[in-house]
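Okay, work-v3.cif is below, mmCIF, C-alpha atoms:
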data_start
loop_
_atom_site.label_atom_id
_atom_site.label_comp_id
_atom_site.auth_asym_id
_atom_site.auth_seq_id
_atom_site.Cartn_x
_atom_site.Cartn_y
_atom_site.Cartn_z
CA MET A 1 11.36 8.29 33.72
CA ASN A 2 15.13 8.46 33.69
CA SER A 3 17.40 6.86 31.19
CA GLU A 4 20.62 5.85 32.93
CA GLY A 5 22.28 4.40 29.92
CA GLY A 6 22.93 7.76 28.24
CA GLY A 7 21.88 8.32 24.65
CA ALA A 8 18.42 9.44 23.71
CA SER A 9 15.61 8.42 26.01
CA GLU A 10 12.06 8.18 24.75
CA GLU A 11 11.46 11.70 26.00
CA ASP A 12 14.33 13.26 24.06
CA ARG A 13 13.36 12.08 20.66
CA PRO A 14 9.98 12.38 18.95
CA ARG A 15 7.89 9.23 19.03
CA ASP A 16 7.76 7.10 15.91
CA ASP A 17 4.15 8.03 15.24
CA GLU A 18 5.04 11.72 15.54
CA ILE A 19 7.91 11.35 13.07
CA LEU A 20 5.61 9.49 10.73
CA ALA A 21 2.83 12.08 11.01
CA PHE A 22 5.36 14.80 10.26
CA HIS A 23 6.68 12.89 7.28
CA HIS A 24 3.13 12.42 5.97
CA ALA A 25 2.32 16.10 6.46
CA ILE A 26 5.33 17.19 4.40
CA ARG A 27 4.52 14.72 1.68
CA ALA A 28 0.84 15.68 1.63
CA ALA A 29 1.57 19.39 1.43
CA ASP A 30 3.91 18.76 -1.45
CA ALA A 31 1.67 16.30 -3.24
CA GLU A 32 -1.49 18.37 -3.05
CA LYS A 33 -0.06 20.88 -5.45
CA LEU A 34 -1.02 18.37 -8.14
CA GLU A 35 -4.11 16.23 -8.77
CA PHE A 36 -3.73 12.43 -8.59
CA VAL A 37 -3.60 12.63 -12.38
CA GLY A 38 -3.06 15.94 -14.13
CA ASP A 39 -4.29 17.26 -17.48
CA LYS A 40 -2.94 15.99 -20.76
CA GLU A 41 -0.17 18.36 -21.73
CA PRO A 42 1.99 18.63 -24.85
CA LEU A 43 5.44 17.16 -24.46
CA THR A 44 6.90 20.66 -24.83
CA VAL A 45 6.14 21.25 -21.13
CA LEU A 46 8.80 18.66 -20.37
CA ALA A 47 11.30 20.42 -22.61
CA ALA A 48 10.59 23.65 -20.74
CA GLU A 49 11.33 21.88 -17.46
CA TYR A 50 14.83 20.96 -18.60
CA GLU A 51 15.54 24.16 -20.55
CA ALA A 52 18.29 25.27 -18.21
CA GLY A 53 19.08 21.79 -16.95
CA ASN A 54 21.33 18.87 -17.61
CA PRO A 55 22.28 18.65 -21.32
CA VAL A 56 21.78 14.88 -21.45
CA PHE A 57 18.20 15.24 -20.17
CA LYS A 58 17.62 18.04 -22.63
CA ALA A 59 18.79 15.97 -25.60
CA LYS A 60 16.77 12.99 -24.43
CA VAL A 61 13.59 15.00 -24.04
CA GLU A 62 14.06 16.16 -27.60
CA ASN A 63 14.45 12.55 -28.78
CA LEU A 64 11.41 11.57 -26.77
CA GLY A 65 9.36 13.88 -28.99
CA GLN A 66 9.95 11.62 -31.99
CA SER A 67 7.82 8.82 -30.58
CA TYR A 68 5.62 10.54 -28.02
CA PHE A 69 3.60 13.73 -28.15
CA ALA A 70 1.91 14.27 -24.80
CA ILE A 71 2.29 13.66 -21.09
CA ARG A 72 -0.13 13.42 -18.19
CA ARG A 73 1.49 13.84 -14.82
CA ALA A 74 0.71 11.78 -11.76
CA ARG A 75 0.98 13.01 -8.20
CA GLY A 76 4.29 12.07 -6.59
CA ASP A 77 2.91 10.42 -3.47
CA GLY A 78 4.54 7.02 -3.79
CA ASN A 79 1.49 5.64 -5.63
CA CYS A 80 2.26 7.28 -8.97
CA PHE A 81 2.94 4.02 -10.80
CA PHE A 82 -0.42 2.54 -9.79
CA ARG A 83 -2.36 5.77 -10.38
CA SER A 84 -0.74 6.22 -13.79
CA PHE A 85 -1.50 2.63 -14.70
CA MET A 86 -5.12 3.01 -13.57
CA PHE A 87 -5.77 6.07 -15.67
CA SER A 88 -3.80 4.97 -18.70
CA TYR A 89 -5.45 1.57 -18.89
CA LEU A 90 -8.99 2.85 -18.32
CA GLU A 91 -8.42 5.52 -20.96
CA HIS A 92 -7.29 2.76 -23.32
CA ILE A 93 -10.54 0.85 -22.71
CA LEU A 94 -12.56 4.04 -23.14
CA GLU A 95 -10.96 4.69 -26.53
CA THR A 96 -10.86 1.16 -27.92
CA LYS A 97 -14.33 0.23 -26.54
CA ASN A 98 -12.97 -3.28 -26.43
CA GLU A 99 -15.40 -5.39 -24.43
CA ALA A 100 -13.48 -8.63 -25.09
CA GLU A 101 -10.43 -7.03 -23.51
CA VAL A 102 -12.41 -6.14 -20.38
CA ARG A 103 -13.74 -9.71 -20.12
CA ARG A 104 -10.22 -11.09 -20.50
CA VAL A 105 -8.88 -8.85 -17.72
CA GLU A 106 -11.86 -9.67 -15.50
CA LYS A 107 -10.98 -13.35 -15.84
CA ASN A 108 -7.47 -12.52 -14.65
CA ILE A 109 -8.93 -10.54 -11.74
CA GLU A 110 -10.94 -13.62 -10.81
CA GLN A 111 -7.69 -15.64 -10.76
CA SER A 112 -5.98 -13.05 -8.57
CA LYS A 113 -8.93 -13.25 -6.21
CA ARG A 114 -8.54 -17.02 -5.94
CA ALA A 115 -4.78 -16.60 -5.41
CA LEU A 116 -5.38 -14.15 -2.56
CA ILE A 117 -7.79 -16.55 -0.87
CA GLU A 118 -5.39 -19.46 -1.31
CA LEU A 119 -2.64 -17.34 0.25
CA GLY A 120 -4.83 -16.97 3.34
CA TYR A 121 -6.25 -13.48 2.84
CA GLN A 122 -9.81 -12.93 4.02
CA GLU A 123 -12.07 -12.14 1.08
CA PHE A 124 -13.82 -9.33 2.95
CA THR A 125 -10.53 -7.47 3.34
CA PHE A 126 -10.16 -6.96 -0.41
CA GLU A 127 -13.61 -7.41 -2.02
CA ASP A 128 -14.55 -3.70 -1.83
CA PHE A 129 -11.29 -2.76 -3.54
CA LEU A 130 -11.84 -5.34 -6.25
CA SER A 131 -15.39 -4.26 -7.00
CA ILE A 132 -14.43 -0.57 -7.26
CA PHE A 133 -11.90 -1.44 -9.98
CA VAL A 134 -14.34 -3.68 -11.86
CA GLU A 135 -16.90 -0.84 -11.71
CA GLN A 136 -14.36 1.49 -13.33
CA LEU A 137 -13.61 -1.06 -16.04
CA GLU A 138 -17.31 -1.52 -16.82
CA SER A 139 -17.96 2.22 -16.89
CA ALA A 140 -15.16 2.70 -19.39
CA LEU A 141 -17.18 0.63 -21.89
CA PRO A 142 -19.84 2.47 -23.90
CA GLY A 143 -23.61 1.99 -23.86
CA ARG A 144 -24.17 1.47 -20.16
CA GLU A 145 -26.08 3.56 -17.69
CA THR A 146 -22.85 4.13 -15.85
CA SER A 147 -20.68 4.78 -18.91
CA VAL A 148 -18.26 7.66 -18.57
CA ASP A 149 -16.64 10.04 -21.03
CA ILE A 150 -13.04 11.18 -20.80
CA ASP A 151 -13.84 14.13 -18.52
CA GLN A 152 -15.75 11.90 -16.13
CA LEU A 153 -12.92 9.38 -16.20
CA VAL A 154 -10.50 12.14 -15.23
CA GLN A 155 -12.83 13.20 -12.40
CA ARG A 156 -13.09 9.64 -11.12
CA CYS A 157 -9.35 9.15 -11.20
CA ARG A 158 -9.01 12.37 -9.18
CA ASP A 159 -11.52 11.21 -6.59
CA ARG A 160 -9.61 10.17 -3.49
CA TYR A 161 -11.96 7.35 -2.56
CA ILE A 162 -12.02 5.75 -6.00
CA SER A 163 -8.35 6.34 -6.75
CA ASP A 164 -7.08 5.06 -3.40
CA TYR A 165 -9.32 1.98 -3.53
CA VAL A 166 -8.11 1.06 -7.01
CA VAL A 167 -4.47 1.64 -6.03
CA MET A 168 -4.99 -0.59 -3.03
CA PHE A 169 -6.56 -3.27 -5.19
CA PHE A 170 -3.54 -3.18 -7.50
CA ARG A 171 -1.30 -3.53 -4.47
CA PHE A 172 -3.18 -6.65 -3.36
CA VAL A 173 -2.99 -8.14 -6.86
CA THR A 174 0.73 -7.33 -7.08
CA SER A 175 1.44 -8.82 -3.68
CA ALA A 176 -0.50 -12.00 -4.47
CA GLU A 177 1.34 -12.45 -7.76
CA ILE A 178 4.74 -12.03 -6.09
CA ARG A 179 3.89 -14.39 -3.24
CA LYS A 180 2.39 -16.94 -5.62
CA ARG A 181 5.55 -16.94 -7.76
CA ALA A 182 7.98 -16.33 -4.91
CA GLU A 183 10.70 -18.47 -6.44
CA PHE A 184 10.65 -16.42 -9.65
CA PHE A 185 10.64 -13.04 -7.90
CA GLU A 186 13.07 -13.85 -5.07
CA PRO A 187 16.35 -13.08 -6.91
CA PHE A 188 15.00 -9.70 -8.12
CA ILE A 189 13.80 -8.79 -4.66
CA ILE A 190 17.14 -9.71 -3.10
CA GLY A 191 18.79 -7.57 -5.78
CA ILE A 192 16.94 -4.42 -4.76
CA SER A 193 16.08 -4.79 -1.12
CA ASN A 194 17.82 -7.48 0.89
CA MET A 195 14.44 -8.63 2.15
CA SER A 196 12.65 -11.95 1.97
CA VAL A 197 9.70 -12.19 -0.43
CA GLN A 198 7.27 -12.06 2.52
CA GLN A 199 8.97 -9.03 4.08
CA PHE A 200 9.10 -7.25 0.73
CA CYS A 201 5.38 -7.71 0.14
CA LYS A 202 4.55 -6.60 3.67
CA ALA A 203 6.87 -3.57 3.66
CA SER A 204 7.09 -2.42 0.03
CA VAL A 205 3.97 -3.62 -1.78
CA GLU A 206 0.94 -3.76 0.50
CA PRO A 207 1.19 -0.37 2.27
CA MET A 208 -0.04 2.75 0.45
CA GLY A 209 2.65 5.21 -0.57
CA GLU A 210 5.41 2.65 -1.06
CA GLU A 211 7.12 3.29 -4.36
CA SER A 212 7.16 0.80 -7.20
CA ASP A 213 9.92 -0.56 -9.35
CA HIS A 214 10.33 -3.31 -11.92
CA VAL A 215 9.26 -6.07 -9.49
CA HIS A 216 5.88 -4.40 -8.90
CA ILE A 217 5.46 -3.63 -12.60
CA THR A 218 6.25 -7.18 -13.70
CA ALA A 219 3.88 -8.64 -11.11
CA LEU A 220 0.94 -6.33 -11.89
CA SER A 221 1.41 -6.70 -15.64
CA ASP A 222 1.52 -10.50 -15.38
CA ALA A 223 -1.38 -10.74 -12.92
CA LEU A 224 -3.79 -8.60 -14.94
CA GLY A 225 -2.38 -9.64 -18.30
CA VAL A 226 -1.80 -6.03 -19.38
CA PRO A 227 1.43 -5.08 -21.21
CA ILE A 228 3.19 -1.98 -19.90
CA ARG A 229 5.91 0.10 -21.53
CA VAL A 230 8.25 2.09 -19.31
CA VAL A 231 10.30 4.80 -21.00
CA TYR A 232 13.37 5.70 -18.96
CA LEU A 233 14.43 9.32 -18.84
CA ASP A 234 17.71 9.48 -16.96
CA ARG A 235 21.23 10.76 -17.31
CA SER A 236 22.74 7.62 -18.80
CA VAL A 237 24.30 7.86 -22.24
CA GLY A 238 25.02 5.14 -24.80
CA ALA A 239 28.26 3.20 -25.10
CA ASP A 240 29.93 5.89 -27.21
CA GLY A 241 29.22 8.50 -24.54
CA LYS A 242 27.09 10.49 -26.96
CA ASN A 243 24.04 8.42 -27.69
CA THR A 244 21.05 10.08 -26.09
CA ASP A 245 18.37 7.78 -27.46
CA VAL A 246 15.71 7.16 -24.84
CA ASN A 247 15.56 3.57 -23.62
CA HIS A 248 12.37 1.77 -22.91
CA HIS A 249 11.39 -1.62 -21.59
CA ASP A 250 8.21 -3.46 -22.49
CA PHE A 251 6.68 -5.66 -19.80
CA ILE A 252 4.72 -8.22 -21.83
CA PRO A 253 2.77 -10.97 -20.05
CA SER A 254 3.03 -14.33 -21.82
CA GLU A 255 -0.65 -14.32 -22.83
CA CYS A 256 -0.05 -11.07 -24.77
CA SER A 257 3.04 -12.14 -26.74
CA GLY A 258 1.86 -10.62 -30.05
CA VAL A 259 1.50 -7.08 -28.71
CA ASP A 260 3.26 -4.32 -30.63
CA ILE A 261 3.06 -1.18 -28.48
CA PRO A 262 1.64 -1.77 -24.98
CA PRO A 263 -1.65 0.00 -24.20
CA VAL A 264 -0.07 1.56 -21.11
CA VAL A 265 3.01 3.72 -21.69
CA LEU A 266 4.67 5.35 -18.69
CA LEU A 267 7.53 7.76 -18.41
CA TYR A 268 9.97 6.98 -15.62
CA ARG A 269 12.22 9.59 -14.15
CA PRO A 270 14.21 8.51 -11.07
CA GLY A 271 11.61 8.06 -8.33
CA HIS A 272 8.56 8.95 -10.40
CA TYR A 273 6.14 7.74 -13.09
CA ASP A 274 3.91 9.79 -15.43
CA ILE A 275 1.73 8.80 -18.40
CA LEU A 276 2.99 9.16 -21.97
CA TYR A 277 1.02 9.29 -25.23
CA THR A 278 2.52 7.72 -28.37
CA ARG A 279 2.52 9.53 -31.71
CA LYS A 280 0.81 6.50 -33.20
CA ASP A 281 -2.29 7.36 -31.18
CA GLU A 282 -2.06 11.08 -31.83
CA GLY A 283 -4.82 11.27 -34.44
CA ARG A 284 -7.29 9.13 -32.50
CA GLN A 285 -6.70 10.82 -29.20
CA ASN A 286 -7.07 14.32 -30.51
CA GLU A 287 -10.61 13.80 -31.70
CA MET B 1 -25.36 5.64 8.82
CA SER B 2 -23.67 3.02 6.71
CA THR B 3 -20.29 4.06 5.34
CA PRO B 4 -17.56 1.89 3.77
CA SER B 5 -15.63 1.89 7.04
CA ARG B 6 -18.66 0.88 9.13
CA LYS B 7 -19.61 -1.85 6.70
CA ARG B 8 -16.09 -3.15 6.76
CA LEU B 9 -16.01 -3.09 10.59
CA MET B 10 -19.16 -5.21 10.70
CA ARG B 11 -17.39 -7.80 8.57
CA ASP B 12 -14.29 -7.60 10.81
CA PHE B 13 -16.56 -8.27 13.78
CA LYS B 14 -18.33 -11.15 12.07
CA ARG B 15 -15.03 -12.84 11.30
CA LEU B 16 -13.77 -12.34 14.84
CA GLN B 17 -16.91 -14.01 16.19
CA GLN B 18 -17.05 -16.88 13.72
CA ASP B 19 -13.37 -17.68 13.53
CA PRO B 20 -11.59 -16.17 16.53
CA PRO B 21 -7.80 -16.66 16.64
CA ALA B 22 -6.54 -18.24 19.87
CA GLY B 23 -6.00 -15.91 22.79
CA ILE B 24 -7.69 -12.77 21.55
CA SER B 25 -11.16 -11.32 21.71
CA GLY B 26 -12.70 -8.04 20.71
CA ALA B 27 -16.00 -6.32 20.06
CA PRO B 28 -17.33 -2.86 19.31
CA GLN B 29 -18.83 -0.92 22.19
CA ASP B 30 -22.62 -1.18 22.33
CA ASN B 31 -23.47 2.11 20.74
CA ASN B 32 -20.33 2.82 18.74
CA ILE B 33 -18.94 0.58 16.00
CA MET B 34 -15.93 2.91 15.67
CA LEU B 35 -14.67 2.17 19.19
CA TRP B 36 -13.75 -1.38 20.16
CA ASN B 37 -12.69 -3.07 23.36
CA ALA B 38 -10.35 -6.00 23.07
CA VAL B 39 -8.52 -8.45 25.29
CA ILE B 40 -5.26 -10.19 24.53
CA PHE B 41 -4.34 -13.17 26.65
CA GLY B 42 -0.64 -13.64 27.39
CA PRO B 43 0.72 -16.53 25.32
CA ASP B 44 1.16 -19.85 27.17
CA ASP B 45 4.61 -20.92 28.39
CA THR B 46 5.96 -17.37 28.30
CA PRO B 47 6.39 -14.79 31.10
CA TRP B 48 3.14 -13.26 29.78
CA ASP B 49 1.21 -16.49 30.43
CA GLY B 50 -2.00 -15.86 32.34
CA GLY B 51 -2.18 -12.12 31.69
CA THR B 52 -5.41 -10.60 30.41
CA PHE B 53 -4.53 -7.31 28.78
CA LYS B 54 -7.23 -4.87 27.83
CA LEU B 55 -7.00 -2.59 24.81
CA THR B 56 -9.09 -0.08 22.90
CA LEU B 57 -9.16 0.36 19.15
CA GLN B 58 -10.40 3.69 17.82
CA PHE B 59 -11.32 3.67 14.12
CA THR B 60 -11.99 6.60 11.81
CA GLU B 61 -14.02 6.90 8.62
CA ASP B 62 -10.72 6.37 6.78
CA TYR B 63 -10.60 2.75 7.92
CA PRO B 64 -9.47 0.45 6.32
CA ASN B 65 -7.27 2.87 4.38
CA LYS B 66 -5.85 4.14 7.67
CA PRO B 67 -5.11 1.98 10.71
CA PRO B 68 -7.03 2.35 13.97
CA THR B 69 -5.39 3.94 17.01
CA VAL B 70 -4.69 1.05 19.33
CA ARG B 71 -3.86 1.48 22.99
CA PHE B 72 -3.40 -0.80 25.95
CA VAL B 73 -5.69 0.15 28.81
CA SER B 74 -3.94 -2.29 31.12
CA LYS B 75 -0.60 -1.16 32.47
CA MET B 76 2.20 -2.69 30.40
CA PHE B 77 5.95 -3.16 30.65
CA HIS B 78 7.32 -3.82 27.18
CA PRO B 79 10.05 -2.35 24.96
CA ASN B 80 7.57 -1.30 22.25
CA ILE B 81 4.72 0.02 24.38
CA TYR B 82 4.68 3.65 25.53
CA ALA B 83 3.73 4.75 29.02
CA ASP B 84 0.31 5.86 27.75
CA GLY B 85 -0.37 2.38 26.35
CA SER B 86 0.15 3.20 22.67
CA ILE B 87 2.04 0.67 20.65
CA CYS B 88 5.04 0.89 18.38
CA LEU B 89 4.29 -1.70 15.71
CA ASP B 90 5.08 -1.46 11.99
CA ILE B 91 1.66 -2.53 10.71
CA LEU B 92 -0.06 0.10 12.89
CA GLN B 93 2.19 2.77 11.39
CA ASN B 94 4.16 2.91 8.16
CA GLN B 95 3.42 -0.65 7.09
CA TRP B 96 -0.32 -0.47 7.50
CA SER B 97 -2.41 -2.06 4.75
CA PRO B 98 -6.19 -2.64 4.52
CA ILE B 99 -5.36 -6.31 4.13
CA TYR B 100 -5.21 -6.46 7.95
CA ASP B 101 -8.48 -6.89 9.79
CA VAL B 102 -9.05 -6.54 13.52
CA ALA B 103 -8.18 -10.21 14.08
CA ALA B 104 -4.86 -9.75 12.28
CA ILE B 105 -4.07 -6.57 14.24
CA LEU B 106 -4.71 -8.24 17.59
CA THR B 107 -2.75 -11.35 16.57
CA SER B 108 0.23 -9.17 15.59
CA ILE B 109 0.12 -7.36 18.93
CA GLN B 110 -0.07 -10.69 20.71
CA SER B 111 3.09 -11.90 18.99
CA LEU B 112 4.80 -8.59 19.70
CA LEU B 113 4.45 -9.33 23.44
CA CYS B 114 6.95 -12.20 23.32
CA ASP B 115 8.92 -10.96 20.35
CA PRO B 116 9.79 -7.31 21.00
CA ASN B 117 11.71 -5.21 18.54
CA PRO B 118 14.59 -3.66 20.52
CA ASN B 119 15.43 -1.36 17.59
CA SER B 120 12.47 0.92 18.11
CA PRO B 121 12.13 1.28 21.86
CA ALA B 122 9.07 3.06 23.21
CA ASN B 123 10.06 2.20 26.78
CA SER B 124 13.83 2.46 27.04
CA GLU B 125 13.95 0.93 30.52
CA ALA B 126 12.12 -2.17 29.32
CA ALA B 127 14.26 -2.31 26.18
CA ARG B 128 17.49 -2.10 28.14
CA MET B 129 16.36 -4.65 30.68
CA TYR B 130 15.17 -6.98 27.92
CA SER B 131 18.64 -7.12 26.36
CA GLU B 132 20.80 -6.79 29.50
CA ASN B 133 18.94 -8.46 32.33
CA ARG B 134 16.33 -10.85 31.04
CA ARG B 135 15.73 -12.30 34.52
CA GLU B 136 14.74 -8.93 35.95
CA TYR B 137 12.75 -8.17 32.81
CA ASN B 138 10.75 -11.38 33.19
CA ARG B 139 10.11 -10.53 36.85
CA ARG B 140 8.69 -7.14 35.84
CA VAL B 141 6.51 -8.82 33.23
CA ARG B 142 5.14 -11.23 35.85
CA GLU B 143 4.23 -8.20 38.00
CA ILE B 144 2.33 -6.72 35.07
CA VAL B 145 0.55 -10.04 34.53
CA GLU B 146 -0.63 -10.06 38.14
CA GLN B 147 -1.78 -6.45 37.94
CA SER B 148 -3.79 -7.29 34.83
CA TRP B 149 -6.13 -9.46 36.89
CA THR B 150 -7.18 -6.71 39.25
CA ALA B 151 -6.54 -3.28 37.79
CA GLU B 152 -9.12 -1.48 35.71
#
Reformat the file's structure so that it appears as structure tokens.
Amino acid sequence: MNSEGGGASEEDRPRDDEILAFHHAIRAADAEKLEFVGDKEPLTVLAAEYEAGNPVFKAKVENLGQSYFAIRRARGDGNCFFRSFMFSYLEHILETKNEAEVRRVEKNIEQSKRALIELGYQEFTFEDFLSIFVEQLESALPGRETSVDIDQLVQRCRDRYISDYVVMFFRFVTSAEIRKRAEFFEPFIIGISNMSVQQFCKASVEPMGEESDHVHITALSDALGVPIRVVYLDRSVGADGKNTDVNHHDFIPSECSGVDIPPVVLLYRPGHYDILYTRKDEGRQNE
Amino acid sequence: MSTPSRKRLMRDFKRLQQDPPAGISGAPQDNNIMLWNAVIFGPDDTPWDGGTFKLTLQFTEDYPNKPPTVRFVSKMFHPNIYADGSICLDILQNQWSPIYDVAAILTSIQSLLCDPNPNSPANSEAARMYSENRREYNRRVREIVEQSWTAE
């Protein structure tokens, strides 16, 4: 086939699927250096990372140590927010053994399911994903045949099948929440992407590997009714040009208005989320 | 052997039989649930009207986390369809999500026929003709429609 019009013909340039496969291969090679969720590490590992780096980061990491004592890294494959949320929340259930909390969240899951169906999704396309997450929730509670301990929870969250299915379920829930409250989310979506609500959900929420930002976090937190804290580690300094306090934002769904520190605390560095552990929980979590 | 992907494909098939969208049909081959044959009928009142275009869908055990490989078996002339029949469509590539079932895939391909995306040409001749000489483009499409009745 000859291209008369000049420019690249389809033979000159790699096909889209080839470019995509290449892109995936690079990302996979990079990502597989780390588990979906890593081991719990003292916050000093973060300080070591910035030892020779930017002084603002360095000062902020030091300040971070006042409120937080440990970090658990998530793999940087575009799903790190969802994987971090999954582990952090399940670990919270495991530690608090709070059955009422699980029932409350299961009610919210039921609502998300109805929302998906009302939006025209076929139940069979998401039911497997839903039941895998509910299984994980149930196993995080004690006294069941399927109950897990922390090591088993880590193993499960590193299992590709379980982890990917739960991430996908969160993506469905997030998408349904955004579509259901399109009017609320529209201005935020326009602010970051120049897409319509429908396009945004199709392109940036529903596919695996698409990164998350505050729109996704708000939607997932509201849909499941789980508060999330995001601690921002970036280069910004306070108004006086010196303040290196670390900012955070708490995403608190309306049904949880009395919450002090959210059960899920994530560290955000541009383009990536990891799990943080608050000093308040230090004693309990070091048992 | 029953795996998550096979179980899911059975449900895809059930839905396609019970509630088939207009102008598409599809079914797994007799002895292989991972390989489907499908037909897309050209939408009415378009140059594609009357065409019966055959496709195959090859699934892997990663389905529905990964999309199937979809190819036209019938000869096509379309800006987003390669010479070997493979299709350049966002939901079959970087925008894939398990939320799509076989019915949704085939419906998306059907709408791609009349609504090509000239920004990602897989057939540059068809893409150029589509934007510069629609009359000639439509004539070529009619040829393809006629071939679809006879060719294997």
Quick check, in Å to one decimal: how far apart do atom CA of B:Asp44 and atom CA of B:Ala83 lie?
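Atom-to-atom, atom CA of B:Asp44 and atom CA of B:Ala83 are spaced 24.8 Å apart.
With atom CA of A:Glu41 on one side and atom CA of A:Arg73 on the other, the separation reads 8.4 Å.
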What does the PyMOL selection byres ((chain A) within 8 of (chain B)) select in this file, as a PyMOL selection string?
chain A and resi 3+9-10+15-17+20+121-122+124-126+168+172+202-203+206-208
Give me the residues near stretch 234-244 of chain A as number ranges by chain, where near means some atom within 7 Å (using only C-alpha atoms) and where sequence neighbours in that chain fewer than 4 positions away do not count.
A: 56-57, 59-60, 269-270
Could you list, as a tab-separated table (two decimals) with C-alpha atoms, keeping the file's coordinate frame, every residue matched by the PyMOL selection byres ((chain A and resi 217) around 12) in this structure?
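Done, and the output landed in part-v7.tsv:
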chain	number	residue	atom	x	y	z
A	80	CYS	CA	2.26	7.28	-8.97
A	81	PHE	CA	2.94	4.02	-10.80
A	82	PHE	CA	-0.42	2.54	-9.79
A	84	SER	CA	-0.74	6.22	-13.79
A	85	PHE	CA	-1.50	2.63	-14.70
A	170	PHE	CA	-3.54	-3.18	-7.50
A	171	ARG	CA	-1.30	-3.53	-4.47
A	173	VAL	CA	-2.99	-8.14	-6.86
A	174	THR	CA	0.73	-7.33	-7.08
A	175	SER	CA	1.44	-8.82	-3.68
A	177	GLU	CA	1.34	-12.45	-7.76
A	178	ILE	CA	4.74	-12.03	-6.09
A	185	PHE	CA	10.64	-13.04	-7.90
A	205	VAL	CA	3.97	-3.62	-1.78
A	211	GLU	CA	7.12	3.29	-4.36
A	212	SER	CA	7.16	0.80	-7.20
A	213	ASP	CA	9.92	-0.56	-9.35
A	214	HIS	CA	10.33	-3.31	-11.92
A	215	VAL	CA	9.26	-6.07	-9.49
A	216	HIS	CA	5.88	-4.40	-8.90
A	218	THR	CA	6.25	-7.18	-13.70
A	219	ALA	CA	3.88	-8.64	-11.11
A	220	LEU	CA	0.94	-6.33	-11.89
A	221	SER	CA	1.41	-6.70	-15.64
A	222	ASP	CA	1.52	-10.50	-15.38
A	223	ALA	CA	-1.38	-10.74	-12.92
A	224	LEU	CA	-3.79	-8.60	-14.94
A	225	GLY	CA	-2.38	-9.64	-18.30
A	226	VAL	CA	-1.80	-6.03	-19.38
A	227	PRO	CA	1.43	-5.08	-21.21
A	228	ILE	CA	3.19	-1.98	-19.90
A	229	ARG	CA	5.91	0.10	-21.53
A	230	VAL	CA	8.25	2.09	-19.31
A	249	HIS	CA	11.39	-1.62	-21.59
A	250	ASP	CA	8.21	-3.46	-22.49
A	251	PHE	CA	6.68	-5.66	-19.80
A	252	ILE	CA	4.72	-8.22	-21.83
A	253	PRO	CA	2.77	-10.97	-20.05
A	264	VAL	CA	-0.07	1.56	-21.11
A	265	VAL	CA	3.01	3.72	-21.69
A	266	LEU	CA	4.67	5.35	-18.69
A	268	TYR	CA	9.97	6.98	-15.62
A	273	TYR	CA	6.14	7.74	-13.09
Can you measure atom CA of A:Arg158 to atom CA of A:Asp39 for me? One decimal in Å is fine.
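About the pair atom CA of A:Arg158 and atom CA of A:Asp39: they are 10.7 Å apart.
The smallest atom-to-atom distance between B:Asp45 and any of B:Met76, B:Cys114, B:Lys7, B:Tyr63, using only C-alpha atoms, is found for B:Cys114.
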On this file, the PyMOL selection byres ((chain B and resi 106) around 12) gives some set of residues; write that set as a ChimeraX atom specification.
/B:12,16,20-27,36-42,53-57,68,70-72,87,89,91-92,100-105,107-113
Selection above as a file: C-alpha atoms, as a short mmCIF file (atom, residue, chain, number, x, y, z; two decimals), in the frame of the given file:
data_model
loop_
_atom_site.label_atom_id
_atom_site.label_comp_id
_atom_site.auth_asym_id
_atom_site.auth_seq_id
_atom_site.Cartn_x
_atom_site.Cartn_y
_atom_site.Cartn_z
CA ASP B 12 -14.29 -7.60 10.81
CA LEU B 16 -13.77 -12.34 14.84
CA PRO B 20 -11.59 -16.17 16.53
CA PRO B 21 -7.80 -16.66 16.64
CA ALA B 22 -6.54 -18.24 19.87
CA GLY B 23 -6.00 -15.91 22.79
CA ILE B 24 -7.69 -12.77 21.55
CA SER B 25 -11.16 -11.32 21.71
CA GLY B 26 -12.70 -8.04 20.71
CA ALA B 27 -16.00 -6.32 20.06
CA TRP B 36 -13.75 -1.38 20.16
CA ASN B 37 -12.69 -3.07 23.36
CA ALA B 38 -10.35 -6.00 23.07
CA VAL B 39 -8.52 -8.45 25.29
CA ILE B 40 -5.26 -10.19 24.53
CA PHE B 41 -4.34 -13.17 26.65
CA GLY B 42 -0.64 -13.64 27.39
CA PHE B 53 -4.53 -7.31 28.78
CA LYS B 54 -7.23 -4.87 27.83
CA LEU B 55 -7.00 -2.59 24.81
CA THR B 56 -9.09 -0.08 22.90
CA LEU B 57 -9.16 0.36 19.15
CA PRO B 68 -7.03 2.35 13.97
CA VAL B 70 -4.69 1.05 19.33
CA ARG B 71 -3.86 1.48 22.99
CA PHE B 72 -3.40 -0.80 25.95
CA ILE B 87 2.04 0.67 20.65
CA LEU B 89 4.29 -1.70 15.71
CA ILE B 91 1.66 -2.53 10.71
CA LEU B 92 -0.06 0.10 12.89
CA TYR B 100 -5.21 -6.46 7.95
CA ASP B 101 -8.48 -6.89 9.79
CA VAL B 102 -9.05 -6.54 13.52
CA ALA B 103 -8.18 -10.21 14.08
CA ALA B 104 -4.86 -9.75 12.28
CA ILE B 105 -4.07 -6.57 14.24
CA THR B 107 -2.75 -11.35 16.57
CA SER B 108 0.23 -9.17 15.59
CA ILE B 109 0.12 -7.36 18.93
CA GLN B 110 -0.07 -10.69 20.71
CA SER B 111 3.09 -11.90 18.99
CA LEU B 112 4.80 -8.59 19.70
CA LEU B 113 4.45 -9.33 23.44
#
As a PyMOL selection string, please: the residues near B:Arg142 (cut-off 9 Å, all atoms listed in the file, same-chain neighbours under 3 positions excluded).
chain B and resi 47-49+51+137-139+145-147
